[in-house]
$ cat target10.cif   # mmCIF, C-alpha atoms
data_target
#
loop_
_atom_site.group_PDB
_atom_site.id
_atom_site.type_symbol
_atom_site.label_atom_id
_atom_site.label_comp_id
_atom_site.auth_asym_id
_atom_site.auth_seq_id
_atom_site.Cartn_x
_atom_site.Cartn_y
_atom_site.Cartn_z
ATOM 1 C CA MET A 1 -55.007 157.592 254.335
ATOM 2 C CA LYS A 2 -54.753 153.890 255.097
ATOM 3 C CA TYR A 3 -54.496 152.789 258.737
ATOM 4 C CA PHE A 4 -53.294 149.575 260.335
ATOM 5 C CA LYS A 5 -54.901 148.206 263.485
ATOM 6 C CA LEU A 6 -52.696 147.677 266.546
ATOM 7 C CA ASN A 7 -53.042 144.953 269.171
ATOM 8 C CA ASN A 8 -54.639 147.364 271.666
ATOM 9 C CA GLY A 9 -57.399 148.445 269.278
ATOM 10 C CA GLU A 10 -55.726 151.733 268.298
ATOM 11 C CA LYS A 11 -54.753 152.487 264.693
ATOM 12 C CA ILE A 12 -51.522 153.743 263.128
ATOM 13 C CA PRO A 13 -51.361 155.579 259.790
ATOM 14 C CA ALA A 14 -49.607 153.613 257.081
ATOM 15 C CA ILE A 15 -47.449 156.652 256.298
ATOM 16 C CA SER A 16 -45.581 158.898 258.732
ATOM 17 C CA PHE A 17 -43.498 161.933 257.889
ATOM 18 C CA GLY A 18 -40.026 161.463 259.393
ATOM 19 C CA VAL A 19 -37.979 164.380 260.675
ATOM 20 C CA TYR A 20 -34.670 162.560 261.216
ATOM 21 C CA GLU A 21 -31.684 164.686 260.144
ATOM 22 C CA ILE A 22 -33.833 167.697 259.297
ATOM 23 C CA GLU A 23 -32.109 170.695 260.851
ATOM 24 C CA PRO A 24 -34.113 172.352 263.662
ATOM 25 C CA ASN A 25 -34.270 175.637 261.734
ATOM 26 C CA GLU A 26 -35.828 173.780 258.778
ATOM 27 C CA THR A 27 -38.094 171.401 260.699
ATOM 28 C CA LYS A 28 -41.086 173.672 261.319
ATOM 29 C CA GLU A 29 -41.403 174.615 257.656
ATOM 30 C CA ALA A 30 -40.981 170.993 256.559
ATOM 31 C CA VAL A 31 -43.649 169.730 258.956
ATOM 32 C CA LEU A 32 -46.077 172.505 257.972
ATOM 33 C CA LYS A 33 -45.523 171.594 254.336
ATOM 34 C CA ALA A 34 -46.029 167.885 255.047
ATOM 35 C CA LEU A 35 -49.266 168.563 256.919
ATOM 36 C CA ASP A 36 -50.477 170.739 254.050
ATOM 37 C CA VAL A 37 -49.681 167.966 251.555
ATOM 38 C CA GLY A 38 -51.760 165.513 253.574
ATOM 39 C CA TYR A 39 -49.519 163.730 256.076
ATOM 40 C CA ARG A 40 -51.216 163.178 259.423
ATOM 41 C CA SER A 41 -48.463 161.342 261.290
ATOM 42 C CA ILE A 42 -45.108 162.764 262.381
ATOM 43 C CA ASP A 43 -42.278 160.407 263.372
ATOM 44 C CA ASN A 44 -39.886 162.070 265.814
ATOM 45 C CA ALA A 45 -37.335 161.202 268.521
ATOM 46 C CA GLN A 46 -35.538 162.897 271.383
ATOM 47 C CA VAL A 47 -32.179 162.366 269.681
ATOM 48 C CA TYR A 48 -33.351 164.185 266.526
ATOM 49 C CA PHE A 49 -33.173 167.418 268.550
ATOM 50 C CA ASN A 50 -36.139 169.025 266.801
ATOM 51 C CA GLU A 51 -39.153 168.106 268.940
ATOM 52 C CA LYS A 52 -39.741 171.768 269.803
ATOM 53 C CA ASP A 53 -39.929 172.665 266.128
ATOM 54 C CA VAL A 54 -42.371 169.846 265.409
ATOM 55 C CA GLY A 55 -44.548 170.994 268.287
ATOM 56 C CA GLN A 56 -44.520 174.587 267.047
ATOM 57 C CA ALA A 57 -45.439 173.498 263.528
ATOM 58 C CA ILE A 58 -48.461 171.559 264.758
ATOM 59 C CA LYS A 59 -49.509 174.501 266.924
ATOM 60 C CA GLU A 60 -49.292 176.903 263.979
ATOM 61 C CA SER A 61 -51.116 174.590 261.584
ATOM 62 C CA GLU A 62 -54.900 174.712 261.342
ATOM 63 C CA ILE A 63 -55.119 170.999 262.080
ATOM 64 C CA SER A 64 -56.506 169.740 265.385
ATOM 65 C CA ARG A 65 -53.978 167.970 267.602
ATOM 66 C CA ASP A 66 -56.283 164.942 267.743
ATOM 67 C CA ASP A 67 -56.019 164.645 263.964
ATOM 68 C CA VAL A 68 -52.212 164.413 264.051
ATOM 69 C CA TYR A 69 -50.595 161.119 265.051
ATOM 70 C CA LEU A 70 -47.495 161.974 267.080
ATOM 71 C CA ILE A 71 -44.634 159.485 267.498
ATOM 72 C CA SER A 72 -41.461 159.951 269.521
ATOM 73 C CA LYS A 73 -38.746 157.740 270.940
ATOM 74 C CA ASN A 74 -36.820 157.523 274.201
ATOM 75 C CA TRP A 75 -33.030 157.622 273.812
ATOM 76 C CA VAL A 76 -30.509 155.260 275.445
ATOM 77 C CA SER A 77 -29.118 157.874 277.847
ATOM 78 C CA ASN A 78 -32.685 158.338 279.144
ATOM 79 C CA ALA A 79 -33.142 154.604 279.780
ATOM 80 C CA GLY A 80 -34.451 153.359 283.116
ATOM 81 C CA TYR A 81 -37.793 153.937 284.833
ATOM 82 C CA ASP A 82 -37.245 157.352 286.416
ATOM 83 C CA LYS A 83 -35.177 158.779 283.555
ATOM 84 C CA THR A 84 -37.785 157.671 281.037
ATOM 85 C CA ILE A 85 -40.606 159.380 282.940
ATOM 86 C CA LYS A 86 -38.578 162.590 283.138
ATOM 87 C CA ALA A 87 -37.567 162.468 279.470
ATOM 88 C CA PHE A 88 -41.117 161.687 278.385
ATOM 89 C CA ASN A 89 -42.466 164.715 280.238
ATOM 90 C CA LYS A 90 -39.838 166.866 278.515
ATOM 91 C CA THR A 91 -40.942 165.432 275.169
ATOM 92 C CA LEU A 92 -44.560 166.375 275.934
ATOM 93 C CA GLU A 93 -43.448 169.887 276.872
ATOM 94 C CA ASP A 94 -41.370 170.313 273.706
ATOM 95 C CA LEU A 95 -44.139 168.963 271.469
ATOM 96 C CA GLN A 96 -46.697 171.185 273.263
ATOM 97 C CA THR A 97 -49.097 168.312 273.891
ATOM 98 C CA ASP A 98 -50.456 166.383 276.849
ATOM 99 C CA TYR A 99 -50.271 162.929 275.252
ATOM 100 C CA LEU A 100 -48.491 160.946 272.545
ATOM 101 C CA ASP A 101 -50.121 158.568 270.124
ATOM 102 C CA LEU A 102 -47.045 156.315 270.111
ATOM 103 C CA PHE A 103 -43.891 156.313 272.233
ATOM 104 C CA LEU A 104 -41.057 153.902 271.493
ATOM 105 C CA ILE A 105 -37.858 152.748 273.166
ATOM 106 C CA HIS A 106 -35.371 153.872 270.533
ATOM 107 C CA GLN A 107 -32.642 151.239 270.955
ATOM 108 C CA PRO A 108 -32.333 147.851 272.704
ATOM 109 C CA PHE A 109 -29.546 149.138 274.960
ATOM 110 C CA GLY A 110 -29.280 150.414 278.522
ATOM 111 C CA ASP A 111 -31.990 149.696 281.067
ATOM 112 C CA TYR A 112 -34.736 149.315 278.502
ATOM 113 C CA TYR A 113 -36.656 147.006 280.816
ATOM 114 C CA GLY A 114 -36.995 149.883 283.261
ATOM 115 C CA SER A 115 -38.019 152.110 280.362
ATOM 116 C CA TYR A 116 -40.661 149.650 279.253
ATOM 117 C CA ARG A 117 -42.160 149.503 282.733
ATOM 118 C CA ALA A 118 -42.414 153.304 282.579
ATOM 119 C CA LEU A 119 -44.106 153.142 279.173
ATOM 120 C CA GLN A 120 -46.637 150.619 280.472
ATOM 121 C CA ASP A 121 -47.498 152.872 283.421
ATOM 122 C CA LEU A 122 -47.747 155.969 281.215
ATOM 123 C CA GLN A 123 -50.052 154.076 278.889
ATOM 124 C CA LYS A 124 -52.282 153.047 281.807
ATOM 125 C CA GLU A 125 -52.437 156.728 282.805
ATOM 126 C CA GLY A 126 -53.592 157.676 279.300
ATOM 127 C CA LYS A 127 -50.518 159.759 278.510
ATOM 128 C CA ILE A 128 -49.494 157.386 275.709
ATOM 129 C CA LEU A 129 -52.108 155.697 273.547
ATOM 130 C CA SER A 130 -49.747 153.043 272.165
ATOM 131 C CA ILE A 131 -46.289 151.891 273.206
ATOM 132 C CA GLY A 132 -43.523 149.988 271.508
ATOM 133 C CA VAL A 133 -39.882 149.603 270.639
ATOM 134 C CA SER A 134 -37.517 150.434 267.808
ATOM 135 C CA ASN A 135 -34.580 148.502 266.368
ATOM 136 C CA PHE A 136 -35.354 145.379 268.405
ATOM 137 C CA ASN A 137 -34.161 142.227 266.662
ATOM 138 C CA PRO A 138 -36.426 139.166 267.065
ATOM 139 C CA ASP A 139 -34.480 137.742 270.027
ATOM 140 C CA ARG A 140 -34.744 140.975 272.032
ATOM 141 C CA LEU A 141 -38.390 141.451 271.069
ATOM 142 C CA ILE A 142 -39.388 137.928 272.081
ATOM 143 C CA ASP A 143 -37.576 138.268 275.413
ATOM 144 C CA LEU A 144 -39.333 141.580 276.127
ATOM 145 C CA VAL A 145 -42.735 140.109 275.293
ATOM 146 C CA MET A 146 -42.156 137.050 277.483
ATOM 147 C CA ASN A 147 -41.207 139.157 280.503
ATOM 148 C CA ASN A 148 -43.877 141.866 280.444
ATOM 149 C CA ASP A 149 -47.650 142.034 280.770
ATOM 150 C CA ILE A 150 -48.230 144.280 277.752
ATOM 151 C CA VAL A 151 -47.114 143.206 274.287
ATOM 152 C CA PRO A 152 -45.568 146.160 272.417
ATOM 153 C CA GLN A 153 -47.940 147.591 269.857
ATOM 154 C CA VAL A 154 -45.157 148.526 267.397
ATOM 155 C CA ASN A 155 -41.570 147.612 266.529
ATOM 156 C CA GLN A 156 -40.011 150.195 264.209
ATOM 157 C CA VAL A 157 -37.074 148.646 262.380
ATOM 158 C CA GLU A 158 -34.996 149.351 259.303
ATOM 159 C CA THR A 159 -36.812 147.859 256.322
ATOM 160 C CA SER A 160 -35.918 148.500 252.684
ATOM 161 C CA PRO A 161 -35.554 146.552 249.428
ATOM 162 C CA PHE A 162 -31.989 145.714 250.501
ATOM 163 C CA PHE A 163 -33.081 144.613 253.993
ATOM 164 C CA GLN A 164 -36.651 143.348 253.802
ATOM 165 C CA GLN A 165 -36.880 141.716 257.248
ATOM 166 C CA HIS A 166 -39.121 138.835 256.159
ATOM 167 C CA GLU A 167 -38.205 136.546 259.076
ATOM 168 C CA ALA A 168 -38.509 139.367 261.617
ATOM 169 C CA HIS A 169 -41.850 140.350 260.069
ATOM 170 C CA GLU A 170 -43.229 136.829 260.504
ATOM 171 C CA ILE A 171 -42.200 136.827 264.156
ATOM 172 C CA MET A 172 -43.806 140.223 264.730
ATOM 173 C CA GLU A 173 -47.020 138.976 263.151
ATOM 174 C CA LYS A 174 -47.046 135.909 265.430
ATOM 175 C CA LEU A 175 -46.510 138.131 268.483
ATOM 176 C CA GLY A 176 -49.164 140.618 267.391
ATOM 177 C CA VAL A 177 -46.654 143.477 267.073
ATOM 178 C CA ARG A 178 -47.130 145.898 264.183
ATOM 179 C CA HIS A 179 -44.091 146.222 261.937
ATOM 180 C CA GLN A 180 -43.179 149.831 261.101
ATOM 181 C CA ALA A 181 -40.300 150.586 258.735
ATOM 182 C CA TRP A 182 -37.655 153.269 258.868
ATOM 183 C CA GLY A 183 -35.153 153.947 256.092
ATOM 184 C CA PRO A 184 -37.275 152.470 253.275
ATOM 185 C CA PHE A 185 -35.070 154.121 250.638
ATOM 186 C CA SER A 186 -31.685 153.245 252.235
ATOM 187 C CA GLU A 187 -30.705 156.841 251.432
ATOM 188 C CA GLY A 188 -30.499 155.853 247.759
ATOM 189 C CA MET A 189 -27.484 153.592 248.300
ATOM 190 C CA ASP A 190 -26.224 151.409 245.446
ATOM 191 C CA ASN A 191 -28.372 153.224 242.855
ATOM 192 C CA LEU A 192 -31.533 151.920 244.511
ATOM 193 C CA PHE A 193 -33.830 154.173 242.484
ATOM 194 C CA LYS A 194 -32.345 152.836 239.241
ATOM 195 C CA ASN A 195 -32.501 149.178 240.238
ATOM 196 C CA PRO A 196 -33.685 147.271 237.131
ATOM 197 C CA ILE A 197 -36.233 145.157 239.018
ATOM 198 C CA LEU A 198 -37.802 148.217 240.617
ATOM 199 C CA THR A 199 -37.755 150.294 237.452
ATOM 200 C CA GLU A 200 -39.429 147.495 235.488
ATOM 201 C CA ILE A 201 -42.237 147.275 238.037
ATOM 202 C CA ALA A 202 -42.499 151.068 238.202
ATOM 203 C CA ASP A 203 -42.903 151.288 234.423
ATOM 204 C CA LYS A 204 -45.623 148.639 234.601
ATOM 205 C CA TYR A 205 -47.747 150.851 236.874
ATOM 206 C CA SER A 206 -46.573 154.250 235.544
ATOM 207 C CA LYS A 207 -45.164 155.032 238.979
ATOM 208 C CA SER A 208 -41.733 155.974 240.315
ATOM 209 C CA THR A 209 -39.381 153.433 241.848
ATOM 210 C CA GLY A 210 -39.834 155.199 245.190
ATOM 211 C CA GLN A 211 -43.595 154.720 245.009
ATOM 212 C CA VAL A 212 -43.103 151.025 244.230
ATOM 213 C CA ILE A 213 -40.839 150.656 247.289
ATOM 214 C CA LEU A 214 -43.416 152.264 249.572
ATOM 215 C CA ARG A 215 -46.361 150.440 248.031
ATOM 216 C CA CYS A 216 -44.552 147.147 248.600
ATOM 217 C CA LEU A 217 -44.410 147.931 252.315
ATOM 218 C CA VAL A 218 -48.120 148.749 252.447
ATOM 219 C CA ASP A 219 -48.992 145.560 250.564
ATOM 220 C CA ARG A 220 -46.930 143.638 253.130
ATOM 221 C CA GLU A 221 -49.008 145.300 255.887
ATOM 222 C CA ILE A 222 -46.025 147.345 257.070
ATOM 223 C CA ALA A 223 -46.413 150.960 258.179
ATOM 224 C CA PHE A 224 -43.473 153.247 257.435
ATOM 225 C CA ALA A 225 -41.816 156.607 258.043
ATOM 226 C CA CYS A 226 -40.091 158.439 255.212
ATOM 227 C CA ARG A 227 -38.459 161.855 254.943
ATOM 228 C CA SER A 228 -38.101 164.587 252.357
ATOM 229 C CA VAL A 229 -37.960 168.374 252.565
ATOM 230 C CA ARG A 230 -38.997 168.745 248.910
ATOM 231 C CA GLU A 231 -42.725 169.250 248.413
ATOM 232 C CA GLU A 232 -42.848 167.345 245.123
ATOM 233 C CA ARG A 233 -41.227 164.325 246.763
ATOM 234 C CA MET A 234 -43.556 164.588 249.760
ATOM 235 C CA ARG A 235 -46.514 164.434 247.384
ATOM 236 C CA GLU A 236 -45.016 161.544 245.466
ATOM 237 C CA ASN A 237 -44.380 159.511 248.626
ATOM 238 C CA ILE A 238 -47.984 159.834 249.778
ATOM 239 C CA ASP A 239 -49.507 159.159 246.359
ATOM 240 C CA ILE A 240 -49.382 155.362 246.531
ATOM 241 C CA PHE A 241 -52.990 154.335 247.080
ATOM 242 C CA ASP A 242 -54.213 154.198 243.490
ATOM 243 C CA PHE A 243 -52.367 150.984 242.628
ATOM 244 C CA LYS A 244 -51.465 147.667 244.224
ATOM 245 C CA LEU A 245 -48.555 145.328 243.570
ATOM 246 C CA SER A 246 -49.209 141.755 242.523
ATOM 247 C CA GLU A 247 -47.847 138.816 244.493
ATOM 248 C CA GLU A 248 -45.512 138.232 241.555
ATOM 249 C CA ASP A 249 -44.174 141.787 241.898
ATOM 250 C CA ILE A 250 -43.493 141.330 245.605
ATOM 251 C CA GLU A 251 -41.751 138.006 244.969
ATOM 252 C CA LYS A 252 -39.615 139.693 242.312
ATOM 253 C CA ILE A 253 -38.615 142.450 244.749
ATOM 254 C CA LYS A 254 -37.430 139.746 247.156
ATOM 255 C CA GLU A 255 -34.531 139.145 244.765
ATOM 256 C CA ILE A 256 -33.034 142.486 245.821
ATOM 257 C CA ASP A 257 -32.925 141.507 249.500
ATOM 258 C CA THR A 258 -29.382 141.064 250.860
ATOM 259 C CA GLY A 259 -30.566 140.084 254.336
ATOM 260 C CA GLU A 260 -28.233 142.657 255.895
ATOM 261 C CA SER A 261 -28.472 146.301 256.878
ATOM 262 C CA PRO A 262 -26.447 148.642 254.646
ATOM 263 C CA PHE A 263 -26.115 150.969 257.658
ATOM 264 C CA MET A 264 -25.115 149.043 260.778
ATOM 265 C CA ASP A 265 -25.034 145.757 262.656
ATOM 266 C CA TYR A 266 -26.810 145.989 266.002
ATOM 267 C CA THR A 267 -24.881 142.975 267.273
ATOM 268 C CA ASP A 268 -21.530 144.672 266.599
ATOM 269 C CA PRO A 269 -19.855 145.611 269.929
ATOM 270 C CA GLU A 270 -18.772 148.961 268.467
ATOM 271 C CA THR A 271 -22.388 149.800 267.672
ATOM 272 C CA VAL A 272 -23.394 149.039 271.258
ATOM 273 C CA VAL A 273 -20.613 151.247 272.606
ATOM 274 C CA ASP A 274 -21.449 154.110 270.250
ATOM 275 C CA PHE A 275 -25.111 154.209 271.177
ATOM 276 C CA ASN A 276 -24.422 153.960 274.903
ATOM 277 C CA GLU A 277 -21.903 156.789 274.707
ATOM 278 C CA GLU A 278 -24.239 159.202 272.910
ATOM 279 C CA VAL A 279 -25.722 161.238 275.752
ATOM 280 C CA ILE A 280 -28.490 163.778 275.227
#

$ encode --input "target10.cif" --output "structure tokens"
Amino acid sequence: MKYFKLNNGEKIPAISFGVYEIEPNETKEAVLKALDVGYRSIDNAQVYFNEKDVGQAIKESEISRDDVYLISKNWVSNAGYDKTIKAFNKTLEDLQTDYLDLFLIHQPFGDYYGSYRALQDLQKEGKILSIGVSNFNPDRLIDLVMNNDIVPQVNQVETSPFFQQHEAHEIMEKLGVRHQAWGPFSEGMDNLFKNPILTEIADKYSKSTGQVILRCLVDREIAFACRSVREERMRENIDIFDFKLSEEDIEKIKEIDTGESPFMDYTDPETVVDFNEEVI
């Protein structure tokens, strides 16, 4: 497994197994399967409603807790200093652990400044090894960095061939924040896996289009989380370290970039309302 160094000296695996939208009654089996295949990082969140199942899977596996990189995220309705501390402790209880490798603020809404103060204190106490944010656009990320003592170690944002985040990536690099991608496959929208540019590159390396997408992220020094409940796809997604894309390949993939999310606009007032109204 390849690892990327964070600004606090810790490391993050290049690949995490995501459990978003996996039903709780299917999560334990999926995580056990992923661990057996070779994944050593699990990307979770309070709002996924399956932290207990992830925790049980890790407990039942034969893998030491210290060998599993655990990520979770604090939801908007748990924003604020005191609520974040309480929610974090519940996350630890559900995951059956006494620390997290990485804990993120899930959305740039609510009292996330209070949440970030809580994360900084929890990190100083050793309960979180690395802290960060998720879905923070460059303006919000810069503002957070300028008004806090600790620079976030990670910003997990949507990053796919359709939305490659080149400008945001450059800003994260300048700030020393590690870019981690979610949604690298855009749920297969617009026939992504049959895109002619991707299929041409895939044929060149005798790889799948999905493997080319993920390898492109690694070659751009971007960690990522991806999800599948099918073992063959799990194996395929992790089997990306026996080839490397050329600079020409990466430039070619840039042609696919639309510069916009196919899912949502975080500056849309309706998006802000929706996320603030979702209480867990």

$ closest_atom_pairs --input "target10.cif" --of "segment 179-238 of chain A" --to "segment 249-253 of chain A" --cutoff "12 Å" --atoms "all atoms listed in the file" --output "Markdown table"
| residue | atom | partner | partner_atom | distance |
| --- | --- | --- | --- | --- |
| A:Leu192 | CA | A:Ile253 | CA | 11.8 |
| A:Asn195 | CA | A:Ile253 | CA | 10.1 |
| A:Pro196 | CA | A:Ile253 | CA | 10.3 |
| A:Ile197 | CA | A:Ile253 | CA | 6.8 |
| A:Leu198 | CA | A:Ile253 | CA | 7.1 |
| A:Thr199 | CA | A:Ile253 | CA | 10.7 |
| A:Glu200 | CA | A:Asp249 | CA | 9.8 |
| A:Ile201 | CA | A:Asp249 | CA | 7.0 |
| A:Ala202 | CA | A:Asp249 | CA | 10.1 |
| A:Lys204 | CA | A:Asp249 | CA | 10.1 |
| A:Tyr205 | CA | A:Asp249 | CA | 11.0 |
| A:Thr209 | CA | A:Ile253 | CA | 11.4 |
| A:Val212 | CA | A:Asp249 | CA | 9.6 |
| A:Ile213 | CA | A:Ile253 | CA | 8.9 |
| A:Leu214 | CA | A:Ile250 | CA | 11.6 |
| A:Arg215 | CA | A:Ile250 | CA | 9.9 |
| A:Cys216 | CA | A:Ile250 | CA | 6.6 |
| A:Leu217 | CA | A:Ile250 | CA | 9.5 |
| A:Val218 | CA | A:Ile250 | CA | 11.1 |
| A:Asp219 | CA | A:Ile250 | CA | 8.5 |
| A:Arg220 | CA | A:Ile250 | CA | 8.6 |

$ write_last_selection --input "target10.cif" --atoms "C-alpha atoms" --output "JSON list (two decimals), in the coordinates of the input"
[["chain", "number", "residue", "atom", "x", "y", "z"],
["A", 192, "LEU", "CA", -31.53, 151.92, 244.51],
["A", 195, "ASN", "CA", -32.50, 149.18, 240.24],
["A", 196, "PRO", "CA", -33.68, 147.27, 237.13],
["A", 197, "ILE", "CA", -36.23, 145.16, 239.02],
["A", 198, "LEU", "CA", -37.80, 148.22, 240.62],
["A", 199, "THR", "CA", -37.76, 150.29, 237.45],
["A", 200, "GLU", "CA", -39.43, 147.50, 235.49],
["A", 201, "ILE", "CA", -42.24, 147.28, 238.04],
["A", 202, "ALA", "CA", -42.50, 151.07, 238.20],
["A", 204, "LYS", "CA", -45.62, 148.64, 234.60],
["A", 205, "TYR", "CA", -47.75, 150.85, 236.87],
["A", 209, "THR", "CA", -39.38, 153.43, 241.85],
["A", 212, "VAL", "CA", -43.10, 151.02, 244.23],
["A", 213, "ILE", "CA", -40.84, 150.66, 247.29],
["A", 214, "LEU", "CA", -43.42, 152.26, 249.57],
["A", 215, "ARG", "CA", -46.36, 150.44, 248.03],
["A", 216, "CYS", "CA", -44.55, 147.15, 248.60],
["A", 217, "LEU", "CA", -44.41, 147.93, 252.32],
["A", 218, "VAL", "CA", -48.12, 148.75, 252.45],
["A", 219, "ASP", "CA", -48.99, 145.56, 250.56],
["A", 220, "ARG", "CA", -46.93, 143.64, 253.13]]

$ residues_around --input "target10.cif" --residues "Asn148 of chain A" --least-positions-apart "6" --cutoff "12 Å" --atoms "only C-alpha atoms" --output "PyMOL selection string"
chain A and resi 112-121+141-142

$ closest_residue --input "target10.cif" --among "A:Glu247, A:Glu221, A:Glu93, A:Asp36" --to "Arg235 of chain A" --atoms "only C-alpha atoms"
A:Asp36

$ residues_around --input "target10.cif" --residues "Ser16 of chain A" --least-positions-apart "2" --cutoff "10 Å" --atoms "all atoms listed in the file" --output "number ranges by chain"
A: 12-14, 18-19, 34, 39-44, 69-71, 180-182, 223-227, 238

$ closest_residue --input "target10.cif" --among "A:Asp149, A:Asp66, A:Glu125, A:Asp257" --to "His166 of chain A" --atoms "only C-alpha atoms"
A:Asp257

$ residues_around --input "target10.cif" --residues "Val54 of chain A" --least-positions-apart "3" --cutoff "8 Å" --atoms "only C-alpha atoms" --output "PyMOL selection string"
chain A and resi 27-28+31+50-51+57-58+95

$ atom_distance --input "target10.cif" --atom1 "atom CA of Ile105 of chain A" --atom2 "atom CA of Val177 of chain A"
14.2 Å

$ closest_atom_pairs --input "target10.cif" --of "segment 148-194 of chain A" --to "segment 265-269 of chain A" --cutoff "12 Å" --atoms "only C-alpha atoms" --output "tab-separated table"
residue	atom	partner	partner_atom	distance
A:Val157	CA	A:Tyr266	CA	11.2
A:Glu158	CA	A:Tyr266	CA	11.1
A:Phe163	CA	A:Asp265	CA	11.9

$ atom_distance --input "target10.cif" --atom1 "atom CA of Phe88 of chain A" --atom2 "atom CA of Ala30 of chain A"
23.7 Å

$ decode --input "target10.cif" --residues "segment 2-61 of chain A" --atoms "C-alpha atoms" --output "mmCIF file, in the first residue's frame"
data_model
loop_
_atom_site.group_PDB
_atom_site.id
_atom_site.type_symbol
_atom_site.label_atom_id
_atom_site.label_comp_id
_atom_site.auth_asym_id
_atom_site.auth_seq_id
_atom_site.Cartn_x
_atom_site.Cartn_y
_atom_site.Cartn_z
ATOM 1 C CA LYS A 2 1.190 3.497 -0.838
ATOM 2 C CA TYR A 3 0.989 6.188 1.855
ATOM 3 C CA PHE A 4 1.026 9.968 1.670
ATOM 4 C CA LYS A 5 2.680 12.068 4.359
ATOM 5 C CA LEU A 6 0.547 14.625 6.211
ATOM 6 C CA ASN A 7 1.671 17.995 7.557
ATOM 7 C CA ASN A 8 1.850 16.665 11.133
ATOM 8 C CA GLY A 9 4.184 13.793 10.243
ATOM 9 C CA GLU A 10 1.441 11.139 10.181
ATOM 10 C CA LYS A 11 0.664 9.137 7.034
ATOM 11 C CA ILE A 12 -2.596 8.379 5.229
ATOM 12 C CA PRO A 13 -3.108 5.352 2.967
ATOM 13 C CA ALA A 14 -3.588 6.262 -0.669
ATOM 14 C CA ILE A 15 -6.691 4.058 -0.793
ATOM 15 C CA SER A 16 -9.576 3.920 1.679
ATOM 16 C CA PHE A 17 -12.603 1.668 1.522
ATOM 17 C CA GLY A 18 -15.730 3.845 1.672
ATOM 18 C CA VAL A 19 -18.919 2.671 3.343
ATOM 19 C CA TYR A 20 -21.238 5.465 2.171
ATOM 20 C CA GLU A 21 -24.687 4.140 1.204
ATOM 21 C CA ILE A 22 -23.870 0.581 2.239
ATOM 22 C CA GLU A 23 -26.830 -0.634 4.272
ATOM 23 C CA PRO A 24 -26.010 -1.320 7.949
ATOM 24 C CA ASN A 25 -26.985 -4.986 7.575
ATOM 25 C CA GLU A 26 -24.479 -5.317 4.707
ATOM 26 C CA THR A 27 -21.677 -3.161 6.116
ATOM 27 C CA LYS A 28 -19.961 -5.687 8.390
ATOM 28 C CA GLU A 29 -19.639 -8.275 5.633
ATOM 29 C CA ALA A 30 -18.422 -5.659 3.148
ATOM 30 C CA VAL A 31 -15.763 -4.331 5.520
ATOM 31 C CA LEU A 32 -14.580 -7.845 6.424
ATOM 32 C CA LYS A 33 -14.297 -8.615 2.725
ATOM 33 C CA ALA A 34 -12.409 -5.374 2.055
ATOM 34 C CA LEU A 35 -9.966 -6.073 4.880
ATOM 35 C CA ASP A 36 -9.426 -9.591 3.553
ATOM 36 C CA VAL A 37 -8.733 -8.213 0.064
ATOM 37 C CA GLY A 38 -6.081 -5.892 1.476
ATOM 38 C CA TYR A 39 -7.672 -2.548 2.342
ATOM 39 C CA ARG A 40 -6.292 -1.060 5.547
ATOM 40 C CA SER A 41 -8.253 2.192 5.689
ATOM 41 C CA ILE A 42 -11.996 2.575 6.242
ATOM 42 C CA ASP A 43 -13.714 5.872 5.393
ATOM 43 C CA ASN A 44 -16.838 6.385 7.497
ATOM 44 C CA ALA A 45 -19.105 9.164 8.810
ATOM 45 C CA GLN A 46 -21.751 9.660 11.464
ATOM 46 C CA VAL A 47 -24.384 10.355 8.810
ATOM 47 C CA TYR A 48 -23.702 7.012 7.081
ATOM 48 C CA PHE A 49 -25.411 5.337 10.058
ATOM 49 C CA ASN A 50 -23.178 2.264 9.990
ATOM 50 C CA GLU A 51 -20.317 3.080 12.368
ATOM 51 C CA LYS A 52 -21.373 0.270 14.710
ATOM 52 C CA ASP A 53 -21.148 -2.247 11.888
ATOM 53 C CA VAL A 54 -17.706 -1.015 10.861
ATOM 54 C CA GLY A 55 -16.530 -1.301 14.449
ATOM 55 C CA GLN A 56 -17.876 -4.843 14.745
ATOM 56 C CA ALA A 57 -16.198 -5.873 11.499
ATOM 57 C CA ILE A 58 -12.810 -4.641 12.687
ATOM 58 C CA LYS A 59 -13.306 -6.391 16.024
ATOM 59 C CA GLU A 60 -14.144 -9.685 14.309
ATOM 60 C CA SER A 61 -11.276 -9.460 11.832
#
